[in-house]
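Raw contents of run30.cif, mmCIF, C-alpha atoms:
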```cif
data_final
#
loop_
_atom_site.label_atom_id
_atom_site.label_comp_id
_atom_site.auth_asym_id
_atom_site.auth_seq_id
_atom_site.Cartn_x
_atom_site.Cartn_y
_atom_site.Cartn_z
CA MET A 233 4.93 18.30 3.34
CA GLU A 234 1.67 19.25 5.02
CA THR A 235 0.01 18.00 8.18
CA LEU A 236 -3.50 17.59 9.53
CA LEU A 237 -4.58 17.00 13.11
CA TYR A 238 -7.02 14.08 13.12
CA LYS A 239 -8.27 12.62 16.43
CA ASN A 240 -5.34 14.35 18.17
CA THR A 241 -3.00 12.52 15.79
CA GLN A 242 -0.74 14.27 13.28
CA ILE A 243 -1.26 13.00 9.71
CA SER A 244 1.45 13.89 7.18
CA TYR A 245 0.70 14.21 3.46
CA SER A 246 1.80 15.90 0.23
CA ASP A 247 -0.33 17.56 -2.47
CA THR A 248 1.20 18.19 -5.91
CA GLY A 249 -0.18 19.18 -9.32
CA LYS A 250 -3.63 19.78 -10.76
CA GLY A 251 -6.27 17.66 -12.47
CA THR A 252 -8.02 14.45 -11.52
CA ALA A 253 -6.87 13.48 -8.03
CA VAL A 254 -4.68 10.41 -7.61
CA VAL A 255 -4.17 9.12 -4.05
CA LEU A 256 -1.02 7.03 -3.56
CA LEU A 257 -0.96 4.79 -0.47
CA HIS A 258 2.28 3.13 0.64
CA GLY A 259 2.72 -0.35 2.08
CA PHE A 260 3.77 -1.76 5.45
CA LEU A 261 7.10 -0.34 6.72
CA GLU A 262 7.04 2.18 3.88
CA ASN A 263 5.98 5.83 3.83
CA LYS A 264 4.93 8.44 1.30
CA THR A 265 8.53 8.86 0.06
CA MET A 266 8.20 5.53 -1.78
CA TRP A 267 6.35 7.48 -4.49
CA ASN A 268 9.04 10.16 -4.96
CA ASN A 269 10.18 8.76 -8.32
CA TYR A 270 6.60 8.89 -9.65
CA ILE A 271 5.20 12.22 -8.45
CA ALA A 272 6.91 14.40 -11.05
CA GLU A 273 5.50 12.36 -13.94
CA PHE A 274 2.02 11.83 -12.49
CA SER A 275 1.61 15.48 -11.47
CA LYS A 276 2.02 16.67 -15.07
CA LYS A 277 -1.64 15.82 -15.65
CA ASN A 278 -3.01 14.86 -12.23
CA ARG A 279 -3.29 16.18 -8.71
CA VAL A 280 -1.18 13.72 -6.71
CA ILE A 281 -1.80 13.11 -3.00
CA THR A 282 0.57 10.96 -0.95
CA ILE A 283 -0.24 10.17 2.68
CA ASP A 284 1.73 8.61 5.51
CA LEU A 285 -0.61 5.98 6.92
CA LEU A 286 -1.11 5.62 10.67
CA GLY A 287 2.11 4.85 12.56
CA HIS A 288 4.27 5.23 9.45
CA GLY A 289 6.56 7.98 8.17
CA GLU A 290 5.71 11.29 9.82
CA THR A 291 2.19 10.24 10.83
CA GLU A 292 1.74 9.42 14.48
CA CYS A 293 0.15 6.31 15.98
CA LEU A 294 -3.55 6.50 16.75
CA GLY A 295 -3.68 3.38 18.95
CA TYR A 296 -2.29 -0.10 19.50
CA ILE A 297 -4.29 -1.65 16.67
CA HIS A 298 -4.61 0.22 13.38
CA THR A 299 -7.38 -1.48 11.42
CA MET A 300 -7.54 -0.91 7.68
CA GLU A 301 -10.75 1.03 8.37
CA ASP A 302 -8.85 3.29 10.79
CA MET A 303 -6.35 3.99 8.03
CA ALA A 304 -9.14 4.61 5.51
CA ASP A 305 -10.82 7.10 7.86
CA ALA A 306 -7.54 9.01 8.26
CA VAL A 307 -7.15 9.14 4.47
CA HIS A 308 -10.73 10.40 4.18
CA ALA A 309 -9.96 13.18 6.67
CA VAL A 310 -7.07 14.35 4.45
CA LEU A 311 -9.27 14.33 1.33
CA ASN A 312 -11.94 16.31 3.18
CA GLU A 313 -9.31 18.84 4.21
CA LEU A 314 -8.26 19.16 0.55
CA LYS A 315 -11.91 19.27 -0.63
CA ILE A 316 -11.36 16.29 -2.95
CA ARG A 317 -14.67 14.64 -3.82
CA LYS A 318 -13.45 11.91 -6.20
CA ALA A 319 -10.06 10.26 -6.73
CA ILE A 320 -8.21 7.35 -8.29
CA PHE A 321 -6.57 5.22 -5.59
CA VAL A 322 -3.32 3.28 -5.92
CA GLY A 323 -2.36 1.13 -2.93
CA HIS A 324 0.87 -0.83 -2.59
CA SER A 325 0.57 -3.98 -0.44
CA MET A 326 -0.93 -2.78 2.90
CA GLY A 327 -1.86 0.46 1.10
CA GLY A 328 -4.07 -1.70 -1.11
CA TYR A 329 -5.81 -3.13 1.98
CA ALA A 330 -6.41 0.43 3.21
CA ALA A 331 -7.71 1.43 -0.25
CA LEU A 332 -10.13 -1.51 -0.23
CA ALA A 333 -11.40 -0.50 3.20
CA PHE A 334 -11.82 3.05 1.89
CA ALA A 335 -13.71 1.77 -1.17
CA GLU A 336 -16.16 -0.04 1.10
CA LEU A 337 -16.63 2.89 3.50
CA TYR A 338 -16.66 5.72 0.94
CA PRO A 339 -17.63 4.22 -2.46
CA GLU A 340 -18.80 7.60 -3.79
CA VAL A 341 -15.22 8.92 -3.66
CA ILE A 342 -13.64 6.15 -5.77
CA LYS A 343 -13.05 7.01 -9.44
CA GLY A 344 -10.67 4.09 -10.04
CA LEU A 345 -8.75 1.54 -7.97
CA VAL A 346 -5.31 -0.02 -8.43
CA LEU A 347 -4.03 -2.80 -6.17
CA LEU A 348 -0.25 -2.93 -6.56
CA ASN A 349 1.33 -6.12 -5.18
CA SER A 350 -1.79 -6.37 -3.03
CA THR A 351 -4.80 -8.62 -2.62
CA THR A 352 -8.48 -8.62 -1.72
CA PHE A 353 -7.99 -11.87 0.23
CA SER A 354 -7.82 -11.86 4.03
CA ASP A 355 -4.96 -13.51 5.92
CA ASP A 356 -5.07 -17.30 6.02
CA HIS A 357 -4.27 -19.19 9.22
CA GLU A 358 -0.57 -19.52 8.42
CA ARG A 359 -0.17 -15.81 7.67
CA LYS A 360 -1.82 -14.90 10.98
CA ILE A 361 0.57 -17.21 12.83
CA ASN A 362 3.51 -15.56 11.04
CA ARG A 363 2.28 -12.09 12.01
CA ASN A 364 2.00 -13.15 15.66
CA ARG A 365 5.52 -14.57 15.52
CA SER A 366 6.86 -11.34 13.97
CA ILE A 367 5.22 -9.23 16.68
CA LYS A 368 6.95 -11.31 19.38
CA ILE A 369 10.33 -11.01 17.67
CA ALA A 370 9.82 -7.26 17.13
CA HIS A 371 9.82 -6.66 20.88
CA LYS A 372 13.33 -8.13 21.13
CA GLU A 373 15.12 -7.69 17.79
CA TYR A 374 13.29 -4.96 15.90
CA THR A 375 16.16 -3.71 13.73
CA ASN A 376 17.23 -7.16 12.54
CA LEU A 377 13.62 -8.18 11.91
CA VAL A 378 12.90 -5.12 9.76
CA GLN A 379 16.11 -5.41 7.75
CA LEU A 380 15.48 -9.08 6.99
CA SER A 381 11.83 -8.43 6.15
CA ILE A 382 12.76 -5.76 3.59
CA ALA A 383 15.37 -7.90 1.80
CA ASN A 384 12.79 -10.67 1.35
CA LEU A 385 10.40 -8.32 -0.48
CA PHE A 386 12.69 -8.26 -3.53
CA SER A 387 13.09 -11.17 -5.92
CA ILE A 388 16.34 -13.08 -5.37
CA ASP A 389 17.52 -12.10 -8.88
CA ASN A 390 17.36 -8.39 -7.99
CA ARG A 391 18.97 -8.30 -4.56
CA GLU A 392 22.47 -7.65 -5.85
CA ARG A 393 21.46 -5.33 -8.70
CA LEU A 394 19.31 -3.21 -6.40
CA SER A 395 21.49 -3.39 -3.27
CA ALA A 396 21.66 0.42 -2.90
CA GLU A 397 17.90 0.77 -3.29
CA ILE A 398 17.31 -2.04 -0.77
CA GLU A 399 19.52 -0.29 1.79
CA HIS A 400 17.50 2.90 1.29
CA VAL A 401 14.21 1.04 1.79
CA LYS A 402 15.62 -0.49 4.99
CA SER A 403 16.59 2.94 6.35
CA GLU A 404 13.09 4.30 5.62
CA ALA A 405 11.48 1.20 7.17
CA LEU A 406 13.43 1.69 10.40
CA LYS A 407 11.77 5.10 10.80
CA THR A 408 8.58 3.17 11.59
CA PRO A 409 8.23 3.04 15.39
CA LEU A 410 7.68 -0.30 17.13
CA GLN A 411 4.13 0.72 18.03
CA GLY A 412 3.40 1.51 14.38
CA TYR A 413 4.81 -1.88 13.31
CA ILE A 414 2.70 -3.82 15.81
CA ALA A 415 -0.49 -1.80 15.28
CA ALA A 416 -0.33 -2.37 11.51
CA GLN A 417 0.39 -6.10 11.88
CA GLU A 418 -2.58 -6.43 14.24
CA GLY A 419 -4.77 -4.49 11.81
CA MET A 420 -3.76 -6.54 8.77
CA LYS A 421 -4.30 -9.77 10.71
CA ILE A 422 -8.00 -9.03 11.34
CA ARG A 423 -8.89 -7.50 7.98
CA LYS A 424 -11.84 -9.05 6.15
CA ASN A 425 -11.95 -10.49 2.64
CA LYS A 426 -12.87 -7.75 0.14
CA GLU A 427 -13.15 -9.87 -3.00
CA HIS A 428 -16.79 -8.81 -3.46
CA LEU A 429 -15.62 -5.30 -4.35
CA LEU A 430 -14.08 -6.64 -7.57
CA HIS A 431 -17.47 -8.06 -8.60
CA LEU A 432 -19.95 -5.49 -7.34
CA THR A 433 -18.36 -2.13 -8.27
CA ASP A 434 -18.41 -0.50 -11.68
CA TYR A 435 -15.42 1.87 -11.52
CA PRO A 436 -12.23 0.84 -13.39
CA LYS A 437 -10.05 -1.58 -11.43
CA LEU A 438 -6.51 -2.84 -12.01
CA ILE A 439 -4.48 -5.44 -10.15
CA ILE A 440 -0.70 -5.50 -10.66
CA LEU A 441 1.13 -8.60 -9.47
CA GLY A 442 4.77 -9.73 -9.45
CA LYS A 443 5.38 -13.24 -10.78
CA LYS A 444 8.19 -13.78 -8.24
CA ASP A 445 6.44 -12.09 -5.31
CA GLY A 446 7.58 -13.81 -2.12
CA VAL A 447 4.77 -12.27 -0.05
CA LEU A 448 1.73 -12.83 -2.27
CA ASN A 449 1.69 -16.09 -4.22
CA TYR A 450 1.17 -15.17 -7.87
CA GLU A 451 -0.84 -18.25 -8.89
CA ASP A 452 -3.20 -17.89 -5.92
CA ASN A 453 -3.77 -14.19 -6.47
CA ILE A 454 -4.55 -14.22 -10.18
CA LYS A 455 -7.68 -16.14 -9.17
CA GLN A 456 -9.11 -12.88 -7.80
CA VAL A 457 -9.87 -11.56 -11.26
CA GLU A 458 -11.75 -14.62 -12.54
CA GLY A 459 -15.31 -13.69 -13.46
CA THR A 460 -14.66 -9.96 -13.08
CA ASN A 461 -13.94 -7.05 -15.42
CA VAL A 462 -10.76 -6.25 -13.49
CA GLU A 463 -7.66 -5.65 -15.58
CA LEU A 464 -4.63 -7.75 -14.58
CA VAL A 465 -1.03 -6.77 -15.27
CA SER A 466 1.73 -9.25 -14.43
CA LEU A 467 5.27 -7.97 -13.89
CA PRO A 468 8.32 -10.27 -13.88
CA ASP A 469 9.78 -9.63 -10.42
CA GLY A 470 8.97 -9.45 -6.70
CA HIS A 471 6.80 -7.56 -4.22
CA MET A 472 8.47 -4.19 -4.83
CA SER A 473 7.29 -3.49 -8.37
CA HIS A 474 7.67 0.28 -7.90
CA ILE A 475 11.44 -0.29 -7.61
CA GLU A 476 12.04 -3.58 -9.43
CA ASN A 477 9.93 -2.69 -12.49
CA GLN A 478 9.83 1.10 -12.30
CA GLU A 479 9.64 1.95 -16.01
CA GLU A 480 6.96 -0.63 -16.77
CA LEU A 481 4.91 0.43 -13.76
CA LEU A 482 5.11 4.10 -14.71
CA THR A 483 3.69 3.27 -18.14
CA VAL A 484 0.96 0.99 -16.76
CA LEU A 485 -0.24 3.54 -14.21
CA THR A 486 -0.17 6.59 -16.51
CA THR A 487 -2.18 4.59 -19.08
CA PHE A 488 -4.73 3.64 -16.40
CA PHE A 489 -5.07 7.26 -15.22
CA LYS A 490 -5.84 8.39 -18.80
CA LYS A 491 -8.76 5.95 -18.95
#
```

Can you present the structure in this file as structure tokens?
Amino acid sequence: METLLYKNTQISYSDTGKGTAVVLLHGFLENKTMWNNYIAEFSKKNRVITIDLLGHGETECLGYIHTMEDMADAVHAVLNELKIRKAIFVGHSMGGYAALAFAELYPEVIKGLVLLNSTTFSDDHERKINRNRSIKIAHKEYTNLVQLSIANLFSIDNRERLSAEIEHVKSEALKTPLQGYIAAQEGMKIRKNKEHLLHLTDYPKLIILGKKDGVLNYEDNIKQVEGTNVELVSLPDGHMSHIENQEELLTVLTTFFKK
């Protein structure tokens, strides 16, 4: 693991392999280790960069609100350090929001974009209320809140089959400090709709959705690709496609990188 000092904040990242750069961005309450089962395969033909986003993993908090633009700027600092001029981005959930913010701020760097269990839509009123409620609970019952939140990311059908994996995800999630949790929730709450990027950009784009995703409604989110040239892949399970549908996802992503 390598680190970079950015705005007096330590950013943690990894850099593996050679070839076209692929930047893998984790989701909320995750960290760069979520990609561990993919790096070996991807790095056979690509240079693979994983980054702990602000307030997650081994990256420190920058403030009390981490906007998606703040996260994108930190990612850009890492790519500058590594002298990477163009890259394919894959963002899981919140990582997708950060990737979209990056695509708007630094369009010249984007070679391809994958939103994995993620959306271009901003939070609706109900989601904002839920985030506010979660922030209040976090101050009092952080551990219980995180553990419950993680279990709900998996489809009901998979919770028994993947019980060991779920426990591991919970333990990684609890490494996220309270400040990191709140700052990310605040940042996601105020993010803007980025649907226009699907229509107005000409680099290859792929959206991967889970049909039983309890976080992002499948039927609502397939509407994003209407009238665009964005490729849509639907997987059968929940919000954690990188665990629930690992083999299928590996194939889908390696195929996209070849394009």

| request: Report the residues retrieved by the PyMOL selection byres ((chain A and resi 446) around 9) from the displayed file, expressed as an NGL selection string. | output: :A and (384-387 or 442-445 or 447-450 or 470-471)

| said: I'd like the residues picked by the PyMOL selection byres ((chain A and resi 489) around 9) written out as a count of residues only, using the chain letters and numbers from the file. | reply: 13

| Distance of CA of Glu290 (chain A) from CA of Phe353 (chain A), expressed in Å to one decimal place | 28.6 Å

Return as JSON the box centre and box size in Å, one decimal, for an axis-aligned box around all listed atoms of region 343-356 of chain A padded by 3 Å per side.
```
{"center_x": -5.9, "center_y": -5.1, "center_z": -2.0, "size_x": 20.4, "size_y": 30.3, "size_z": 22.1}
```

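Minimum distance to Met233 (chain A) across A:Ile281, A:Leu257, A:Leu429, A:Val322 (counting all atoms listed in the file) occurs at A:Ile281.
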
| field | For His371 (chain A): contacts at 9 Å, all atoms listed in the file, fewer than 4 positions along chain excluded, given as number ranges by chain | value | A: 366-367, 410

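Interatomic distance, CA of Leu348 (chain A) against CA of Ile439 (chain A): 6.1 Å.
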
Spatial neighbours of Ser403 (chain A), max dist 12 Å, all atoms listed in the file, sep filter under 4 positions, as an mmCIF file with C-alpha atoms, in the frame of the given file:
```
data_model
loop_
_atom_site.group_PDB
_atom_site.id
_atom_site.type_symbol
_atom_site.label_atom_id
_atom_site.label_comp_id
_atom_site.auth_asym_id
_atom_site.auth_seq_id
_atom_site.Cartn_x
_atom_site.Cartn_y
_atom_site.Cartn_z
ATOM 1 C CA LEU A 261 7.100 -0.340 6.720
ATOM 2 C CA GLU A 262 7.040 2.180 3.880
ATOM 3 C CA ASN A 263 5.980 5.830 3.830
ATOM 4 C CA THR A 265 8.530 8.860 0.060
ATOM 5 C CA MET A 266 8.200 5.530 -1.780
ATOM 6 C CA GLY A 289 6.560 7.980 8.170
ATOM 7 C CA THR A 375 16.160 -3.710 13.730
ATOM 8 C CA ASN A 376 17.230 -7.160 12.540
ATOM 9 C CA VAL A 378 12.900 -5.120 9.760
ATOM 10 C CA GLN A 379 16.110 -5.410 7.750
ATOM 11 C CA ILE A 382 12.760 -5.760 3.590
ATOM 12 C CA ALA A 383 15.370 -7.900 1.800
ATOM 13 C CA ALA A 396 21.660 0.420 -2.900
ATOM 14 C CA GLU A 397 17.900 0.770 -3.290
ATOM 15 C CA ILE A 398 17.310 -2.040 -0.770
ATOM 16 C CA GLU A 399 19.520 -0.290 1.790
ATOM 17 C CA LYS A 407 11.770 5.100 10.800
ATOM 18 C CA THR A 408 8.580 3.170 11.590
#
```

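What separates CA of Lys455 (chain A) from CA of Glu301 (chain A) is a distance of 24.7 Å.
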
| request: On this file, the PyMOL selection byres ((chain A and resi 437) around 12) gives some set of residues; write that set as a VMD selection string. | output: chain A and resid 320 to 323 328 331 to 332 335 342 to 348 429 to 436 438 to 440 456 to 457 460 to 465 485 488 to 489 491

| Counting all atoms listed in the file, the option among A:Asp305, A:Asp247, A:Glu392, A:Glu292 closest to Ala415 (chain A) | A:Glu292

| Which of these, A:Gln417, A:Leu380, A:Lys360, A:Gly459, has the shortest distance to Lys402 (chain A) once you count all atoms listed in the file? | A:Leu380

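Closest approach to Asn477 (chain A) among A:Tyr374, A:Gly412, A:Ile361, A:Leu441: A:Leu441, based on all atoms listed in the file.
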
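Candidate residues A:Leu482, A:Ile414, A:Ile422, A:Ala405 were compared for distance to Gly295 (chain A), and the nearest is A:Ile414, using only C-alpha atoms.
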
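Here the question is which of A:Lys250, A:Lys277, A:Lys239, A:Arg423 gets nearest to Ala306 (chain A) using all atoms listed in the file, and that residue is A:Lys239.
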